[in-house]
Amino acid sequence: MNATPELLRLADSEESRNHAPTTELTFASTVPRDLVHRAAIAEVFVTDSARVGDPDPESDEHTFEVAAQLPRAHVVGERGGSYDFLLLVEVLRQSGVLVAHRYLDVPLDRAFIFSSLNLTISGLEALRIGPRPAHAVLSTTVRPKRNPAGRVLGFDFTGVFWLDGVQAIVGSGALTFVTNRAFQMLRAGNRKKLEGRSPRHPQLLRSAPSLVGRRDASNIVLTEPAVSESGTASALLVVDTDHPHLFDHKLDHVPGNLQLEAARQLSVAAVAKLHGLPAESLVVTAAKADFTDFAELDLVTKAVAEVGDASFDGALGAVTVPVAITVSQEGNTVATLGIEVTQWS
């Protein structure tokens, strides 16, 4: 899959103890787009990288720092005064892909699968958009998984995002690399399960942006959410294969970052309706996702959410609300996600 993140709240855990940036990195220009698997130059945010120290000979751990510039205005950054959660996820994805190609000798023709991706906001104020684009540095440690010949098949990683020198995000996850032939065999096996079904291509009406905390209608990925008083919400995914960020290049499935955005929009709509809050004041401060199957482009995709109880998060100094989301196609679960929503102005 193109991007299948599993996100988990990591604040105050061991994964948040990575060091502050120590190397001199540049922000003058972006890296070549093929090193981060993007088609459009405008969709490349990573600018530089460096290895920190020597690999640990016993654990095979490698530490790197990756620089990126966060644009103050972007197609998915139209929310307003803070850097968008989906933009931050993309910077983390690009960083992992760059490290694999530049330092671990993973060939450029490999398909990447984010088998897990954990991300937590640890400093909300650092996400405010200032008078110039933020300089982001990811300090990350990776632990490669190798075959008997020593070739890297993937890696686990932990990391900390620093925005203009302030710690803002902690994360961890895992990447798997497969040959294009292996990826095509994997997709063929999944498509075989659809034999006999009638593909559907419905014309779906997007939700009003104000209901899901967005401003630009082109960034809406849901139909209007139906929210019950019991705390259940549901909507269908609107899959726009012409979207310049979510479909930067051609894909044969619904990407994980689109499903993550759908979960975010449904969570915001549900919490706003149930708690009487303005949707534009709600931000994601933690998320978790398990992608158990490929989501096919030619099947109707449904998201159902269950809103949990609000609680005060001392680290953030704000009230948070957890939301559990299931994404399915024709009764088959393709992803389960958890989103933590926080009101922040």
# chains A, B, ... in the order shown; residues from 1 in each chain; ligands from 1

$ closest_atom_pairs --of "stretch 40-109 of chain A" --to "stretch 177-191 of chain A" --cutoff "12 Å" --atoms "only C-alpha atoms" --output "CSV"
residue,atom,partner,partner_atom,distance
A:Gly96,CA,A:Phe177,CA,11.3
A:Val97,CA,A:Phe177,CA,9.7
A:Ala100,CA,A:Phe177,CA,9.1
A:His101,CA,A:Phe177,CA,10.7
A:Leu104,CA,A:Phe177,CA,11.5
A:Asp105,CA,A:Phe177,CA,11.4
A:Val106,CA,A:Phe177,CA,7.9
A:Pro107,CA,A:Thr179,CA,9.0
A:Leu108,CA,A:Thr179,CA,9.9
A:Asp109,CA,A:Asn180,CA,6.9

$ write_last_selection --atoms "all heavy atoms" --output "PDB file, in the first residue's frame"
ATOM      1  N   GLY A  96      11.357   8.619   6.054  1.00  0.00           N
ATOM      2  CA  GLY A  96      11.663   7.196   6.096  1.00  0.00           C
ATOM      3  C   GLY A  96      12.097   6.655   4.751  1.00  0.00           C
ATOM      4  O   GLY A  96      13.047   5.861   4.653  1.00  0.00           O
ATOM      5  N   VAL A  97      11.430   7.096   3.692  1.00  0.00           N
ATOM      6  CA  VAL A  97      11.779   6.644   2.348  1.00  0.00           C
ATOM      7  C   VAL A  97      13.166   7.138   1.958  1.00  0.00           C
ATOM      8  O   VAL A  97      13.990   6.395   1.391  1.00  0.00           O
ATOM      9  CB  VAL A  97      10.718   7.118   1.333  1.00  0.00           C
ATOM     10  CG1 VAL A  97      11.140   6.766  -0.092  1.00  0.00           C
ATOM     11  CG2 VAL A  97       9.358   6.505   1.655  1.00  0.00           C
ATOM     12  N   ALA A 100      15.931   5.134   3.694  1.00  0.00           N
ATOM     13  CA  ALA A 100      16.074   3.796   3.114  1.00  0.00           C
ATOM     14  C   ALA A 100      16.897   3.828   1.837  1.00  0.00           C
ATOM     15  O   ALA A 100      17.801   3.001   1.633  1.00  0.00           O
ATOM     16  CB  ALA A 100      14.691   3.211   2.842  1.00  0.00           C
ATOM     17  N   HIS A 101      16.625   4.802   0.962  1.00  0.00           N
ATOM     18  CA  HIS A 101      17.335   4.869  -0.313  1.00  0.00           C
ATOM     19  C   HIS A 101      18.752   5.409  -0.154  1.00  0.00           C
ATOM     20  O   HIS A 101      19.696   4.876  -0.736  1.00  0.00           O
ATOM     21  CB  HIS A 101      16.558   5.761  -1.287  1.00  0.00           C
ATOM     22  CG  HIS A 101      15.293   5.151  -1.803  1.00  0.00           C
ATOM     23  ND1 HIS A 101      15.195   3.837  -2.199  1.00  0.00           N
ATOM     24  CD2 HIS A 101      14.056   5.693  -2.000  1.00  0.00           C
ATOM     25  CE1 HIS A 101      13.972   3.583  -2.618  1.00  0.00           C
ATOM     26  NE2 HIS A 101      13.261   4.694  -2.507  1.00  0.00           N
ATOM     27  N   LEU A 104      20.604   3.058   3.327  1.00  0.00           N
ATOM     28  CA  LEU A 104      20.471   1.613   3.553  1.00  0.00           C
ATOM     29  C   LEU A 104      20.442   0.818   2.261  1.00  0.00           C
ATOM     30  O   LEU A 104      20.137  -0.387   2.277  1.00  0.00           O
ATOM     31  CB  LEU A 104      19.212   1.332   4.384  1.00  0.00           C
ATOM     32  CG  LEU A 104      19.195   1.982   5.766  1.00  0.00           C
ATOM     33  CD1 LEU A 104      17.891   1.682   6.480  1.00  0.00           C
ATOM     34  CD2 LEU A 104      20.380   1.524   6.607  1.00  0.00           C
ATOM     35  N   ASP A 105      20.758   1.472   1.145  1.00  0.00           N
ATOM     36  CA  ASP A 105      20.918   0.806  -0.153  1.00  0.00           C
ATOM     37  C   ASP A 105      19.659   0.089  -0.624  1.00  0.00           C
ATOM     38  O   ASP A 105      19.735  -0.933  -1.318  1.00  0.00           O
ATOM     39  CB  ASP A 105      22.094  -0.190  -0.108  1.00  0.00           C
ATOM     40  CG  ASP A 105      23.416   0.489   0.189  1.00  0.00           C
ATOM     41  OD1 ASP A 105      23.617   1.608  -0.313  1.00  0.00           O
ATOM     42  OD2 ASP A 105      24.237  -0.093   0.925  1.00  0.00           O
ATOM     43  N   VAL A 106      18.507   0.607  -0.270  1.00  0.00           N
ATOM     44  CA  VAL A 106      17.258   0.053  -0.794  1.00  0.00           C
ATOM     45  C   VAL A 106      17.055   0.590  -2.210  1.00  0.00           C
ATOM     46  O   VAL A 106      17.058   1.809  -2.407  1.00  0.00           O
ATOM     47  CB  VAL A 106      16.067   0.421   0.106  1.00  0.00           C
ATOM     48  CG1 VAL A 106      14.762  -0.068  -0.511  1.00  0.00           C
ATOM     49  CG2 VAL A 106      16.255  -0.166   1.497  1.00  0.00           C
ATOM     50  N   PRO A 107      16.912  -0.275  -3.217  1.00  0.00           N
ATOM     51  CA  PRO A 107      16.782   0.197  -4.606  1.00  0.00           C
ATOM     52  C   PRO A 107      15.572   1.102  -4.807  1.00  0.00           C
ATOM     53  O   PRO A 107      14.554   0.971  -4.119  1.00  0.00           O
ATOM     54  CB  PRO A 107      16.626  -1.110  -5.407  1.00  0.00           C
ATOM     55  CG  PRO A 107      17.266  -2.166  -4.543  1.00  0.00           C
ATOM     56  CD  PRO A 107      16.960  -1.744  -3.133  1.00  0.00           C
ATOM     57  N   LEU A 108      15.684   2.015  -5.766  1.00  0.00           N
ATOM     58  CA  LEU A 108      14.625   2.980  -6.018  1.00  0.00           C
ATOM     59  C   LEU A 108      13.349   2.340  -6.546  1.00  0.00           C
ATOM     60  O   LEU A 108      12.269   2.940  -6.453  1.00  0.00           O
ATOM     61  CB  LEU A 108      15.111   4.037  -7.017  1.00  0.00           C
ATOM     62  CG  LEU A 108      16.140   5.037  -6.498  1.00  0.00           C
ATOM     63  CD1 LEU A 108      16.639   5.914  -7.636  1.00  0.00           C
ATOM     64  CD2 LEU A 108      15.545   5.900  -5.394  1.00  0.00           C
ATOM     65  N   ASP A 109      13.446   1.136  -7.122  1.00  0.00           N
ATOM     66  CA  ASP A 109      12.252   0.519  -7.700  1.00  0.00           C
ATOM     67  C   ASP A 109      11.453  -0.298  -6.692  1.00  0.00           C
ATOM     68  O   ASP A 109      10.495  -0.971  -7.057  1.00  0.00           O
ATOM     69  CB  ASP A 109      12.627  -0.354  -8.894  1.00  0.00           C
ATOM     70  CG  ASP A 109      13.522  -1.534  -8.507  1.00  0.00           C
ATOM     71  OD1 ASP A 109      13.964  -1.590  -7.328  1.00  0.00           O
ATOM     72  OD2 ASP A 109      13.768  -2.395  -9.372  1.00  0.00           O
TER      73      ASP A 109
END

$ select_by_dssp --residues "stretch 143-328 of chain A" --states "strand (DSSP E)" --output "ChimeraX atom specification"
/A:143-146,152-163,166-178,226-227,232-236,282-291,302-307,311-313,318-328

$ closest_residue --among "A:Glu306, A:Glu43, A:Glu224, A:Glu24" --to "A:Val66" --atoms "only C-alpha atoms"
A:Glu24

$ residues_around --residues "stretch 128-141 of chain A" --least-positions-apart "5" --cutoff "6 Å" --atoms "only C-alpha atoms" --output "short mmCIF file (atom, residue, chain, number, x, y, z; two decimals) with N, CA, C and O atoms, in the first residue's frame"
data_model
loop_
_atom_site.label_atom_id
_atom_site.label_comp_id
_atom_site.auth_asym_id
_atom_site.auth_seq_id
_atom_site.Cartn_x
_atom_site.Cartn_y
_atom_site.Cartn_z
N HIS A 62 20.83 2.51 13.53
CA HIS A 62 21.40 3.63 12.80
C HIS A 62 20.61 4.88 13.18
O HIS A 62 19.38 4.84 13.25
N THR A 63 21.31 5.99 13.39
CA THR A 63 20.64 7.24 13.76
C THR A 63 20.87 8.29 12.67
O THR A 63 21.99 8.44 12.17
N PHE A 64 19.79 8.98 12.33
CA PHE A 64 19.85 9.98 11.27
C PHE A 64 19.10 11.23 11.70
O PHE A 64 18.27 11.21 12.61
N GLU A 65 19.39 12.32 11.01
CA GLU A 65 18.60 13.54 11.12
C GLU A 65 18.18 13.95 9.71
O GLU A 65 18.99 13.93 8.78
N VAL A 66 16.91 14.29 9.58
CA VAL A 66 16.34 14.66 8.28
C VAL A 66 15.68 16.03 8.41
O VAL A 66 14.91 16.27 9.35
N ALA A 67 16.00 16.92 7.49
CA ALA A 67 15.45 18.27 7.51
C ALA A 67 14.32 18.39 6.49
O ALA A 67 14.32 17.74 5.45
N ALA A 68 13.35 19.25 6.82
CA ALA A 68 12.24 19.53 5.90
C ALA A 68 11.75 20.95 6.15
O ALA A 68 11.86 21.47 7.26
N GLN A 69 11.23 21.56 5.11
CA GLN A 69 10.58 22.86 5.26
C GLN A 69 9.08 22.66 5.15
O GLN A 69 8.59 22.03 4.21
N LEU A 70 8.33 23.21 6.12
CA LEU A 70 6.87 23.09 6.11
C LEU A 70 6.27 24.32 5.46
O LEU A 70 6.44 25.44 5.95
N PRO A 71 5.57 24.17 4.36
CA PRO A 71 4.96 25.33 3.68
C PRO A 71 3.83 25.93 4.52
O PRO A 71 3.05 25.21 5.14
N ARG A 72 3.77 27.25 4.55
CA ARG A 72 2.70 27.92 5.30
C ARG A 72 1.35 27.78 4.61
O ARG A 72 0.30 27.90 5.25
N GLY A 81 -4.35 28.43 11.20
CA GLY A 81 -3.19 28.92 11.91
C GLY A 81 -2.17 27.90 12.35
O GLY A 81 -1.17 28.25 12.97
N SER A 82 -2.38 26.60 12.07
CA SER A 82 -1.41 25.59 12.49
C SER A 82 -1.10 24.64 11.35
O SER A 82 -1.88 24.50 10.40
N PHE A 157 11.44 2.13 13.38
CA PHE A 157 12.06 3.41 13.69
C PHE A 157 11.34 4.09 14.84
O PHE A 157 10.17 3.86 15.11
N THR A 158 12.09 4.93 15.54
CA THR A 158 11.53 5.87 16.52
C THR A 158 12.07 7.25 16.17
O THR A 158 13.15 7.36 15.57
N GLY A 159 11.34 8.28 16.54
CA GLY A 159 11.84 9.60 16.18
C GLY A 159 11.12 10.72 16.89
O GLY A 159 10.05 10.53 17.48
N VAL A 160 11.73 11.89 16.83
CA VAL A 160 11.18 13.11 17.39
C VAL A 160 11.26 14.21 16.35
O VAL A 160 12.31 14.40 15.70
N PHE A 161 10.15 14.94 16.16
CA PHE A 161 10.13 16.10 15.27
C PHE A 161 10.40 17.35 16.08
O PHE A 161 9.76 17.61 17.11
N TRP A 162 11.31 18.17 15.57
CA TRP A 162 11.60 19.48 16.15
C TRP A 162 11.22 20.53 15.12
O TRP A 162 11.65 20.49 13.97
N LEU A 163 10.38 21.48 15.50
CA LEU A 163 9.99 22.57 14.62
C LEU A 163 10.60 23.86 15.13
O LEU A 163 10.30 24.32 16.24
N ASP A 164 11.50 24.42 14.33
CA ASP A 164 12.23 25.62 14.71
C ASP A 164 12.86 25.45 16.10
O ASP A 164 12.84 26.37 16.93
#

$ select_by_dssp --residues "stretch 133-320 of chain A" --states "helix (DSSP H, G or I)" --output "PyMOL selection string"
chain A and resi 180-192+209-211+217-219+256-275+279-281

$ atom_distance --atom1 "atom CA of A:Thr342" --atom2 "atom CA of A:Thr301"
26.3 Å

$ closest_atom_pairs --of "stretch 108-192 of chain A" --to "stretch 316-340 of chain A" --cutoff "9 Å" --atoms "only C-alpha atoms" --output "tab-separated table"
residue	atom	partner	partner_atom	distance
A:Ile121	CA	A:Leu316	CA	8.6
A:Ser122	CA	A:Leu316	CA	7.0
A:Gly123	CA	A:Leu316	CA	7.1
A:Leu124	CA	A:Leu316	CA	7.3
